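What follows is target08.cif (mmCIF, C-alpha atoms).
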```cif
data_run
#
loop_
_atom_site.label_atom_id
_atom_site.label_comp_id
_atom_site.auth_asym_id
_atom_site.auth_seq_id
_atom_site.Cartn_x
_atom_site.Cartn_y
_atom_site.Cartn_z
CA MET L 158 88.93 73.55 25.02
CA SER L 159 92.22 75.44 24.85
CA GLU L 160 95.28 74.67 26.94
CA ASN L 161 94.90 78.00 28.82
CA SER L 162 91.32 77.15 29.74
CA ASN L 163 92.39 73.81 31.18
CA GLN L 164 95.08 75.46 33.25
CA PHE L 165 92.49 77.96 34.60
CA LEU L 166 90.09 75.18 35.60
CA ASP L 167 92.89 73.28 37.34
CA ALA L 168 93.79 76.42 39.28
CA LEU L 169 90.16 76.90 40.35
CA LYS L 170 90.00 73.30 41.60
CA GLN L 171 93.08 73.86 43.72
CA MET L 172 91.74 77.06 45.30
CA GLN L 173 90.24 76.64 48.76
CA GLY L 174 87.24 78.41 50.21
CA VAL L 175 87.86 80.62 53.27
CA GLU L 176 85.38 80.73 56.16
CA VAL L 177 85.45 82.57 59.49
CA GLY L 178 86.99 80.28 62.10
CA ASP L 179 89.18 78.41 59.63
CA ILE L 180 92.86 77.89 60.24
CA VAL L 181 94.71 78.73 57.04
CA ASP L 182 98.25 79.00 55.70
CA VAL L 183 99.19 82.59 54.89
CA GLU L 184 102.17 84.29 53.24
CA VAL L 185 103.40 87.76 54.18
CA LEU L 186 102.94 90.17 51.26
CA ASP L 187 103.93 93.40 52.96
CA VAL L 188 104.64 94.82 56.43
CA GLU L 189 103.26 98.25 57.24
CA ASP L 190 103.01 100.35 60.40
CA GLY L 191 100.65 98.49 62.71
CA GLN L 192 99.68 95.66 60.35
CA ILE L 193 100.83 92.79 58.16
CA ASP L 194 99.33 92.21 54.70
CA VAL L 195 98.98 88.51 53.91
CA GLY L 196 97.57 86.23 51.26
CA VAL L 197 95.94 82.87 51.85
CA GLU L 198 97.74 80.14 49.97
CA ASN L 199 95.69 78.40 47.28
CA ALA L 200 92.70 80.65 47.93
CA GLY L 201 93.35 83.85 46.07
CA VAL L 202 92.27 85.77 49.16
CA GLU L 203 94.14 88.54 50.87
CA GLY L 204 93.76 90.00 54.34
CA VAL L 205 95.31 91.86 57.24
CA ILE L 206 96.84 90.91 60.58
CA THR L 207 96.90 93.83 63.00
CA HIS L 208 99.73 94.39 65.46
CA ARG L 209 97.84 93.05 68.50
CA GLU L 210 96.65 90.03 66.53
CA TYR L 211 100.24 89.06 65.83
CA THR L 212 101.92 89.78 69.15
CA SER L 213 100.90 90.79 72.69
CA ASP L 214 104.05 92.90 73.00
CA ARG L 215 102.87 96.43 72.35
CA ASN L 216 106.41 97.73 71.96
CA ALA L 217 107.43 95.18 69.34
CA ASP L 218 108.35 96.36 65.79
CA LEU L 219 106.50 94.19 63.26
CA ARG L 220 109.25 94.75 60.65
CA GLU L 221 111.70 93.08 63.01
CA LEU L 222 109.39 90.13 63.55
CA VAL L 223 108.32 89.26 59.99
CA LYS L 224 109.30 89.99 56.39
CA PRO L 225 107.68 89.45 52.99
CA GLY L 226 107.69 85.83 51.99
CA ASP L 227 107.33 84.44 55.53
CA LYS L 228 104.69 81.74 55.85
CA PHE L 229 102.72 80.65 58.91
CA LYS L 230 99.28 79.61 60.04
CA ALA L 231 96.59 82.09 61.08
CA LEU L 232 93.00 82.04 62.32
CA VAL L 233 90.31 83.65 60.15
CA LEU L 234 88.59 86.19 62.39
CA ARG L 235 86.07 87.99 60.17
CA ARG L 236 85.45 89.54 56.83
CA ALA L 237 86.42 93.14 56.22
CA GLY L 238 84.14 95.65 54.46
CA GLY L 239 81.03 93.48 54.26
CA ASP L 240 80.21 90.02 52.97
CA LYS L 241 81.10 90.53 49.30
CA GLU L 242 82.69 87.57 47.59
CA ASN L 243 86.49 87.42 47.86
CA GLY L 244 86.43 90.40 50.24
CA GLU L 245 89.42 90.92 52.52
CA PHE L 246 89.61 89.08 55.84
CA PHE L 247 91.11 89.83 59.21
CA PHE L 248 93.40 87.13 60.54
CA SER L 249 94.97 86.44 63.93
CA VAL L 250 98.09 84.59 65.04
CA THR L 251 97.74 85.33 68.74
CA ARG L 252 94.25 83.87 68.94
CA LEU L 253 95.33 80.79 67.07
CA LYS L 254 98.10 80.31 69.63
CA GLU L 255 95.55 80.84 72.40
CA ARG L 256 93.25 78.23 70.87
CA GLU L 257 96.10 75.74 70.59
CA ALA L 258 97.20 76.62 74.10
CA TYR L 259 93.68 76.11 75.46
CA ASP L 260 93.47 72.69 73.82
CA LYS L 261 96.63 71.63 75.64
CA LEU L 262 95.62 73.37 78.88
CA GLN L 263 92.23 71.64 78.82
CA LYS L 264 94.00 68.30 78.64
CA ASP L 265 96.37 69.27 81.49
CA PHE L 266 93.38 70.40 83.55
CA GLU L 267 91.52 67.12 83.03
CA GLU L 268 94.60 65.05 83.89
CA GLY L 269 95.63 67.27 86.82
CA ASN L 270 99.04 68.02 85.34
CA PRO L 271 101.04 70.98 86.65
CA ILE L 272 102.12 73.61 84.10
CA GLU L 273 104.72 76.35 83.93
CA GLY L 274 104.12 80.01 83.26
CA THR L 275 105.93 83.33 83.35
CA VAL L 276 104.48 86.22 85.33
CA THR L 277 104.12 89.20 82.98
CA SER L 278 102.55 91.80 85.25
CA SER L 279 100.59 92.46 88.40
CA VAL L 280 97.04 93.73 88.48
CA ARG L 281 94.57 94.43 91.22
CA GLY L 282 93.99 91.20 93.10
CA GLY L 283 96.71 89.08 91.52
CA LEU L 284 99.16 88.35 88.71
CA LEU L 285 98.87 87.88 84.93
CA VAL L 286 100.76 84.82 83.74
CA ASP L 287 101.78 83.74 80.23
CA VAL L 288 101.14 79.99 79.81
CA GLY L 289 100.78 80.08 76.03
CA THR L 290 97.77 82.24 76.68
CA ARG L 291 97.02 84.70 79.43
CA GLY L 292 96.02 83.28 82.78
CA PHE L 293 95.13 84.94 86.07
CA LEU L 294 96.78 83.97 89.36
CA PRO L 295 94.80 85.45 92.30
CA ALA L 296 96.89 86.81 95.19
CA SER L 297 95.18 84.38 97.56
CA LEU L 298 96.43 81.44 95.45
CA ILE L 299 100.06 82.53 95.12
CA SER L 300 101.23 80.93 98.36
CA ASN L 301 99.99 79.18 101.48
CA ARG L 302 101.05 82.35 103.29
CA TYR L 303 99.71 85.87 102.93
CA VAL L 304 101.43 87.76 100.11
CA SER L 305 101.34 91.56 100.40
CA ASP L 306 103.85 92.55 97.70
CA LEU L 307 103.25 91.19 94.18
CA LYS L 308 106.07 93.00 92.37
CA PRO L 309 108.87 90.49 93.24
CA TYR L 310 106.98 87.82 91.27
CA ILE L 311 107.04 89.74 87.96
CA GLY L 312 109.32 87.99 85.45
CA LYS L 313 109.50 84.78 87.46
CA THR L 314 108.66 81.37 86.04
CA MET L 315 106.34 79.44 88.34
CA LYS L 316 104.85 75.98 88.54
CA LEU L 317 101.09 76.25 88.51
CA LYS L 318 97.92 74.24 88.62
CA ILE L 319 94.75 75.04 86.67
CA THR L 320 91.74 75.55 88.92
CA GLU L 321 89.27 76.82 86.31
CA ILE L 322 89.25 76.93 82.50
CA ASP L 323 86.65 78.20 80.01
CA PRO L 324 87.95 78.82 76.45
CA ASN L 325 84.67 80.39 75.33
CA LYS L 326 84.97 83.10 77.97
CA ASN L 327 88.76 83.26 77.65
CA ARG L 328 88.87 82.46 81.39
CA LEU L 329 91.86 80.71 82.93
CA ILE L 330 92.39 80.72 86.72
CA LEU L 331 95.67 79.40 88.09
CA SER L 332 97.03 78.43 91.49
CA HIS L 333 100.51 78.04 92.91
CA LYS L 334 99.18 77.48 96.43
CA ASP L 335 97.69 74.09 95.51
CA LEU L 336 101.09 72.80 94.43
CA VAL L 337 102.73 74.22 97.55
CA GLU L 338 100.18 72.40 99.70
CA GLU L 339 100.66 69.13 97.82
CA GLU L 340 104.44 69.37 98.13
CA ARG L 341 104.09 70.30 101.79
CA GLU L 342 101.88 67.28 102.49
CA GLU L 343 104.35 64.95 100.78
CA ALA L 344 107.25 66.49 102.70
CA PHE L 345 105.27 66.29 105.96
CA ASP L 346 104.51 62.60 105.50
CA LYS L 347 108.18 61.91 104.86
CA VAL L 348 109.46 63.92 107.84
CA ALA L 349 106.69 62.90 110.26
CA SER L 350 107.32 59.22 109.57
CA GLN L 351 110.85 59.69 110.94
CA LEU L 352 109.86 61.61 114.08
CA VAL L 353 108.53 60.53 117.46
CA VAL L 354 107.13 62.79 120.16
CA GLY L 355 109.98 63.44 122.56
CA ASP L 356 112.70 63.56 119.89
CA VAL L 357 115.21 66.42 120.18
CA ILE L 358 116.37 67.62 116.75
CA GLU L 359 118.13 70.51 115.06
CA GLY L 360 116.16 73.11 113.11
CA LYS L 361 116.41 76.57 111.58
CA VAL L 362 114.09 79.52 112.22
CA SER L 363 112.26 80.12 108.93
CA ARG L 364 109.94 82.94 110.00
CA LEU L 365 108.58 84.71 113.07
CA THR L 366 105.05 85.76 113.97
CA ASN L 367 103.49 87.38 117.02
CA PHE L 368 102.26 83.99 118.28
CA GLY L 369 105.40 81.94 117.74
CA ALA L 370 108.27 80.84 115.53
CA PHE L 371 108.20 78.48 112.55
CA ILE L 372 111.17 76.14 112.49
CA ASP L 373 112.33 74.29 109.37
CA VAL L 374 112.95 70.66 110.29
CA GLY L 375 113.94 68.72 107.19
CA GLY L 376 111.99 70.88 104.73
CA VAL L 377 108.83 71.09 106.85
CA ASP L 378 107.88 73.95 109.14
CA GLY L 379 107.01 73.10 112.73
CA LEU L 380 105.59 75.67 115.15
CA VAL L 381 107.14 76.71 118.44
CA HIS L 382 104.36 78.57 120.23
CA ILE L 383 105.51 81.68 122.09
CA SER L 384 104.83 79.89 125.38
CA GLU L 385 107.32 77.16 124.38
CA ILE L 386 110.21 79.46 123.46
CA SER L 387 111.50 80.20 126.96
CA TYR L 388 110.73 79.54 130.61
CA LYS L 389 110.97 83.29 131.08
CA HIS L 390 108.21 85.62 129.89
CA ILE L 391 108.80 87.14 126.46
CA ASP L 392 106.65 89.76 124.74
CA LYS L 393 107.33 88.64 121.17
CA PRO L 394 109.43 85.90 119.53
CA SER L 395 111.62 88.42 117.67
CA ASP L 396 112.98 89.58 121.04
CA VAL L 397 114.94 86.32 121.41
CA LEU L 398 115.00 84.72 117.95
CA LYS L 399 115.86 85.76 114.39
CA ALA L 400 115.22 84.26 110.96
CA GLY L 401 117.97 81.86 109.86
CA GLN L 402 119.04 81.07 113.43
CA ASP L 403 119.92 77.44 114.21
CA VAL L 404 118.01 76.09 117.22
CA LYS L 405 117.54 72.83 119.08
CA VAL L 406 113.89 71.81 119.42
CA LYS L 407 111.90 69.03 121.05
CA VAL L 408 108.96 67.39 119.25
CA ILE L 409 105.94 67.74 121.54
CA GLY L 410 103.15 66.94 119.10
CA ILE L 411 102.46 65.49 115.62
CA ASP L 412 99.03 66.04 114.03
CA ASN L 413 98.85 63.84 110.93
CA ASP L 414 95.34 64.96 110.01
CA ARG L 415 96.18 68.68 110.03
CA HIS L 416 99.80 68.17 108.91
CA ARG L 417 101.23 70.06 111.87
CA ILE L 418 104.28 69.52 114.02
CA SER L 419 104.43 71.19 117.44
CA LEU L 420 107.87 71.96 118.82
CA SER L 421 109.44 73.38 121.96
CA ILE L 422 112.72 75.18 122.48
CA LYS L 423 112.48 75.57 126.25
CA GLN L 424 111.94 71.85 126.83
CA THR L 425 115.39 71.11 125.43
CA GLU L 426 116.87 72.91 128.46
CA PRO L 427 116.59 72.16 132.20
CA SER L 428 113.55 73.87 133.66
CA PRO L 429 113.94 76.35 136.54
CA PHE L 430 112.37 73.67 138.76
CA GLU L 431 114.93 71.08 137.68
CA GLN L 432 117.76 73.55 138.16
CA ALA L 433 116.49 74.53 141.61
CA THR L 434 116.04 70.94 142.78
CA ALA L 435 119.20 69.51 141.22
CA ASN L 436 121.01 69.63 144.57
CA LEU L 437 117.91 69.39 146.76
CA ASN L 438 117.04 66.14 148.50
CA GLU L 439 114.31 64.88 150.78
CA GLY L 440 115.33 65.51 154.37
CA ASP L 441 117.30 68.70 153.63
CA VAL L 442 116.75 71.53 156.09
CA PHE L 443 117.25 75.18 155.13
CA ASP L 444 115.96 78.71 155.75
CA GLY L 445 113.34 80.10 153.39
CA GLU L 446 111.16 83.17 153.07
CA VAL L 447 107.38 82.97 153.34
CA LYS L 448 106.10 84.35 150.02
CA SER L 449 102.35 83.91 150.44
CA LEU L 450 99.72 82.53 152.79
CA THR L 451 96.53 80.63 152.05
CA ASN L 452 93.92 78.89 154.18
CA PHE L 453 95.57 75.53 153.53
CA GLY L 454 99.20 76.47 154.04
CA ALA L 455 102.19 78.70 153.38
CA PHE L 456 104.37 78.97 150.29
CA VAL L 457 108.06 79.25 151.09
CA GLU L 458 110.71 80.18 148.53
CA VAL L 459 113.13 77.33 147.83
CA ALA L 460 115.14 79.09 145.10
CA ASP L 461 114.70 82.12 142.87
CA GLY L 462 111.14 81.84 141.56
CA ILE L 463 110.60 78.33 143.00
CA GLN L 464 108.34 77.78 146.00
CA GLY L 465 107.39 74.82 148.11
CA LEU L 466 104.23 74.31 150.16
CA VAL L 467 104.10 73.97 153.92
CA HIS L 468 100.68 72.47 154.55
CA VAL L 469 98.83 73.91 157.52
CA SER L 470 99.26 70.56 159.30
CA GLU L 471 103.06 70.89 158.91
CA ILE L 472 103.39 74.37 160.40
CA SER L 473 103.37 73.48 164.09
CA ASN L 474 102.92 70.60 166.53
CA LYS L 475 100.12 72.66 168.04
CA HIS L 476 96.82 73.02 166.21
CA VAL L 477 96.77 75.95 163.76
CA ASP L 478 93.46 77.28 162.48
CA LYS L 479 94.94 79.60 159.89
CA PRO L 480 98.57 79.93 158.74
CA SER L 481 98.27 83.70 159.14
CA ASP L 482 97.76 83.17 162.89
CA VAL L 483 101.40 82.11 163.31
CA LEU L 484 103.18 83.24 160.11
CA LYS L 485 103.48 86.37 158.05
CA VAL L 486 104.65 87.14 154.49
CA GLY L 487 108.35 87.98 154.39
CA GLN L 488 109.16 85.97 157.51
CA THR L 489 112.20 83.66 157.38
CA VAL L 490 111.47 80.15 158.57
CA LYS L 491 113.42 76.90 158.82
CA VAL L 492 111.86 74.16 156.70
CA LYS L 493 112.52 70.52 155.97
CA VAL L 494 111.99 68.91 152.55
CA LEU L 495 109.39 66.16 152.85
CA ASN L 496 108.86 65.31 149.18
CA ILE L 497 109.93 66.39 145.67
CA ASP L 498 107.58 65.54 142.78
CA PRO L 499 109.36 66.36 139.46
CA SER L 500 106.39 65.32 137.29
CA GLU L 501 104.04 67.74 139.06
CA ARG L 502 106.81 70.20 139.90
CA ARG L 503 105.79 70.26 143.54
CA ILE L 504 107.86 70.46 146.70
CA SER L 505 106.33 69.58 150.07
CA LEU L 506 107.92 71.25 153.10
CA SER L 507 107.51 71.15 156.85
CA ILE L 508 108.28 73.72 159.52
CA LYS L 509 107.49 71.51 162.48
CA ALA L 510 109.74 68.70 161.18
CA ALA L 511 112.62 71.16 160.92
CA ASP L 512 112.26 72.14 164.59
CA SER L 513 115.02 70.44 166.58
CA ASN L 514 112.77 70.64 169.67
CA ALA L 515 109.90 68.86 167.92
CA SER L 516 110.40 65.66 169.88
CA SER L 517 110.32 67.49 173.22
CA ASN L 518 107.25 69.44 172.12
CA GLU L 519 105.44 66.23 171.42
CA GLY L 520 105.69 65.43 175.18
CA SER L 521 104.16 68.73 176.26
CA ARG L 522 100.89 67.10 177.31
CA PRO L 523 100.52 66.86 181.18
CA ARG L 524 101.28 63.39 182.50
CA ARG L 525 98.89 61.57 184.75
CA SER L 526 99.93 61.06 188.38
CA ARG L 527 100.67 57.70 189.87
CA ASN L 528 97.39 57.92 191.81
CA ASP L 529 95.53 58.47 188.57
CA ASN L 530 97.11 55.36 187.09
CA SER L 531 96.28 53.30 190.16
CA VAL L 532 92.73 54.56 190.10
CA ASN L 533 92.39 53.60 186.44
CA LYS L 534 93.80 50.15 187.11
CA LYS L 535 91.58 49.60 190.10
CA TYR L 536 88.30 50.92 188.84
CA MET L 537 88.52 50.48 185.03
CA GLY L 538 88.62 46.90 183.82
CA ASN L 539 88.83 45.71 180.29
CA ASP L 540 85.07 45.57 180.06
CA ASP L 541 84.37 48.87 181.85
CA ASN L 542 83.69 52.05 179.93
CA GLY L 543 83.86 54.31 182.98
CA PHE L 544 83.95 54.47 186.76
CA ALA L 545 81.88 55.83 189.74
CA LEU L 546 83.02 59.13 191.28
CA GLY L 547 81.75 58.01 194.72
CA ASP L 548 83.96 54.95 194.62
CA ILE L 549 87.05 57.11 193.98
CA ILE L 550 86.26 59.53 196.87
CA GLY L 551 85.42 56.71 199.28
CA ASP L 552 88.63 54.91 198.51
CA GLN L 553 90.69 58.05 199.09
CA LEU L 554 89.07 58.65 202.48
CA LYS L 555 89.96 55.12 203.58
CA ASP L 556 93.61 55.79 202.80
CA ARG L 557 93.64 58.82 205.14
CA LYS L 558 92.54 56.80 208.16
#
```

Just dump the structure as structure tokens.
Amino acid sequence: MSENSNQFLDALKQMQGVEVGDIVDVEVLDVEDGQIDVGVENAGVEGVITHREYTSDRNADLRELVKPGDKFKALVLRRAGGDKENGEFFFSVTRLKEREAYDKLQKDFEEGNPIEGTVTSSVRGGLLVDVGTRGFLPASLISNRYVSDLKPYIGKTMKLKITEIDPNKNRLILSHKDLVEEEREEAFDKVASQLVVGDVIEGKVSRLTNFGAFIDVGGVDGLVHISEISYKHIDKPSDVLKAGQDVKVKVIGIDNDRHRISLSIKQTEPSPFEQATANLNEGDVFDGEVKSLTNFGAFVEVADGIQGLVHVSEISNKHVDKPSDVLKVGQTVKVKVLNIDPSERRISLSIKAADSNASSNEGSRPRRSRNDNSVNKKYMGNDDNGFALGDIIGDQLKDRK
């Protein structure tokens, strides 16, 4: 056998077969509009890589990306022009990268590892994210809050978690919300462990809603319900608060199971009741206006918006069936403070105790005459429950004789 024949046989031995699905080393032969001509090393096979199978950037110029002589790996997609031997093949770089990306993503998914991706565009219902391959981030999984505008996220790099992956269907569902929730739970545990109900702390208004204000306290949002913003009635939180405002809040509840902290702004200030009763003491006497009447008593204004109760038994020394029999709304009366209950925010008042003539009124009952007393002593012993009328009359007649 000649030397040339031996060299030919050696070359045939070194040549590799090419099958669809193989990953092969290719060399760029030429770059044309919309495609790259390549040859498979050690195979004697040539093929084509179209623009979209090399890059996902539709505006990219292939001549700027590659040049003849460049070498890289590519995935064998299919034969071109039938199944004839040594026919041309179509190759793909993008799908090879996707396959490699899916292998890594599958491992991250199984281990629960977070990944990073760059948002490339927004579509109906969510965002498209480049994580080595294209993934979909639903709008509902972007944040733990409702997101209405998706455009600000385009171009941003985000930490994400894989919620669903299926390489065969080219399906990759991502979530940023899951990471936000995990970070929030960790932050909550840290902050909540340092708080006790009743603590007064500093916070910053992070956002406002119709039902209240969320306050950032050490990286965790606590809620001040609208009813806990002020002692005065407010229609909406934005009427008295604004985002970024520093506020003092009181911790009124910690729910470890639901990871919620309830706060109050108004409880860091003296209540109207406390302000009204600061200089009020039991035994004080003052004039007040009757604001309302009920069957059990009268409510008298102690201070602006603060009322005390005069029970029906404290209206007069005489029996009163109904407060409205002796009082009317708008009437000014003198009252005496009987009791102040800060915990229940109640003030008990008395009209009869404020009457300087009360002691004299108590003696308004008719006194018995001396004769009556003598009769009682004479005819009612310790063991007697009554006396005879005839005995009284007979005894009186004897005295006249």

TODO: Determine the residue membership of the PyMOL selection byres ((chain L and resi 184) around 8) for the file above and supply it as a list in words.
DONE: Asp182, Val183, Val185, Leu186, Val195, Gly196, Val197, Glu198, Pro225, Gly226, Asp227, Lys228 and Phe229 of chain L

Open item on the list: Translate the PyMOL selection byres ((chain L and resi 395) around 10) into a concrete residue list for this structure, as a PyMOL selection string.
Closed with: chain L and resi 364-367+369-370+391-394+396-400

- [ ] Could you list the residues chosen by the PyMOL selection byres ((chain L and resi 328) around 12) in this structure as a PyMOL selection string?
- [x] chain L and resi 255+259+262-263+285+290-294+319-327+329-331

- [ ] May I ask for the distance between atom CA of Glu210 of chain L and atom CA of Val233 of chain L, given in Å to one decimal place?
- [x] 11.0 Å

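Note that the spacing between atom CA of Glu471 of chain L and atom CA of Asp498 of chain L amounts to 17.6 Å.
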
Task: Pairwise distance for atom CA of Thr212 of chain L and atom CA of Gly274 of chain L, rounded to one decimal in Å - done: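 Computed distance, atom CA of Thr212 of chain L to atom CA of Gly274 of chain L, equals 17.3 Å.
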
TODO: Mind listing whatever residues come within 12 Å of the point (102.3, 82.2, 91.6)? Use only C-alpha atoms, file coordinates, and give them as an NGL selection string.
DONE: :L and (272-279 or 283-287 or 292-302 or 304 or 307-319 or 330-337)

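Among the candidate residues L:Gly376, L:Pro271, L:Gly462, L:Gly410, the one lying nearest to Val354 of chain L is L:Gly410, with distances computed using only C-alpha atoms.
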
Task: Spatial neighbours of Lys361 of chain L, 12 Å, all atoms listed in the file, chain gap at least 3 places, as a list in words - done: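 These residues fall inside the cut-off: Ile358, Arg364, Leu365, Ala370, Phe371, Ile372, Asp373, Val374, Gly375, Gly376, Val377, Asp378, Gly379, Leu380, Val381, Leu398, Lys399, Ala400, Gly401, Gln402, Asp403, Val404, Lys405, Val406 and Ile422 of chain L.
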
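Shell of segment 501-514 of chain L at 7 Å, with only C-alpha atoms counted and residues fewer than 5 places along the chain excluded, is Phe430, Val442, Gly465, Leu466, Val467, Glu471, Ile472, Ser473, Asn474, Lys491, Val492, Lys493, Val494, Leu495 and Asn496 of chain L.
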
Expected file contents, prior selection, C-alpha atoms, as a PDB file, in the frame of the given file:
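Final file, selection.pdb:
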```pdb
ATOM      1  CA  PHE L 430     112.370  73.670 138.760  1.00  0.00           C
ATOM      2  CA  VAL L 442     116.750  71.530 156.090  1.00  0.00           C
ATOM      3  CA  GLY L 465     107.390  74.820 148.110  1.00  0.00           C
ATOM      4  CA  LEU L 466     104.230  74.310 150.160  1.00  0.00           C
ATOM      5  CA  VAL L 467     104.100  73.970 153.920  1.00  0.00           C
ATOM      6  CA  GLU L 471     103.060  70.890 158.910  1.00  0.00           C
ATOM      7  CA  ILE L 472     103.390  74.370 160.400  1.00  0.00           C
ATOM      8  CA  SER L 473     103.370  73.480 164.090  1.00  0.00           C
ATOM      9  CA  ASN L 474     102.920  70.600 166.530  1.00  0.00           C
ATOM     10  CA  LYS L 491     113.420  76.900 158.820  1.00  0.00           C
ATOM     11  CA  VAL L 492     111.860  74.160 156.700  1.00  0.00           C
ATOM     12  CA  LYS L 493     112.520  70.520 155.970  1.00  0.00           C
ATOM     13  CA  VAL L 494     111.990  68.910 152.550  1.00  0.00           C
ATOM     14  CA  LEU L 495     109.390  66.160 152.850  1.00  0.00           C
ATOM     15  CA  ASN L 496     108.860  65.310 149.180  1.00  0.00           C
TER      16      ASN L 496
END
```

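Restricting the calculation to only C-alpha atoms, the smallest distance between Leu232 of chain L and any of L:Ile180, L:Asp461, L:Lys264, L:Gly204 is found for L:Ile180.
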
Task: Pick from L:Val348, L:Leu437, L:Ile206, L:Val357, whichever lies nearest to Phe246 of chain L using all atoms listed in the file - done: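 Going through L:Val348, L:Leu437, L:Ile206, L:Val357 one by one, the smallest distance to Phe246 of chain L is for L:Ile206.
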
TODO: Determine the nearest neighbour of Arg235 of chain L from the options L:Phe248, L:Phe453, L:Tyr303, L:Tyr211, counting all atoms listed in the file.
DONE: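 Using all atoms listed in the file, Arg235 of chain L sits closest to L:Phe248.
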
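Around Ser421 of chain L, within 7 Å and counting all atoms listed in the file, the residues found are Val381, Glu385, Ile386, Val406, Lys407, Val408 and Ile409 of chain L, once anything fewer than 6 positions away on its own chain is removed.
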
Open item on the list: Nearest residue to Gly201 of chain L out of L:Val469, L:Ala231, L:Val175, L:Ile418, using all atoms listed in the file?
Closed with: L:Val175

TODO: Determine the nearest neighbour of Ile463 of chain L from the options L:Ala200, L:Val447, L:Val250, L:Leu484, counting all atoms listed in the file.
DONE: L:Val447
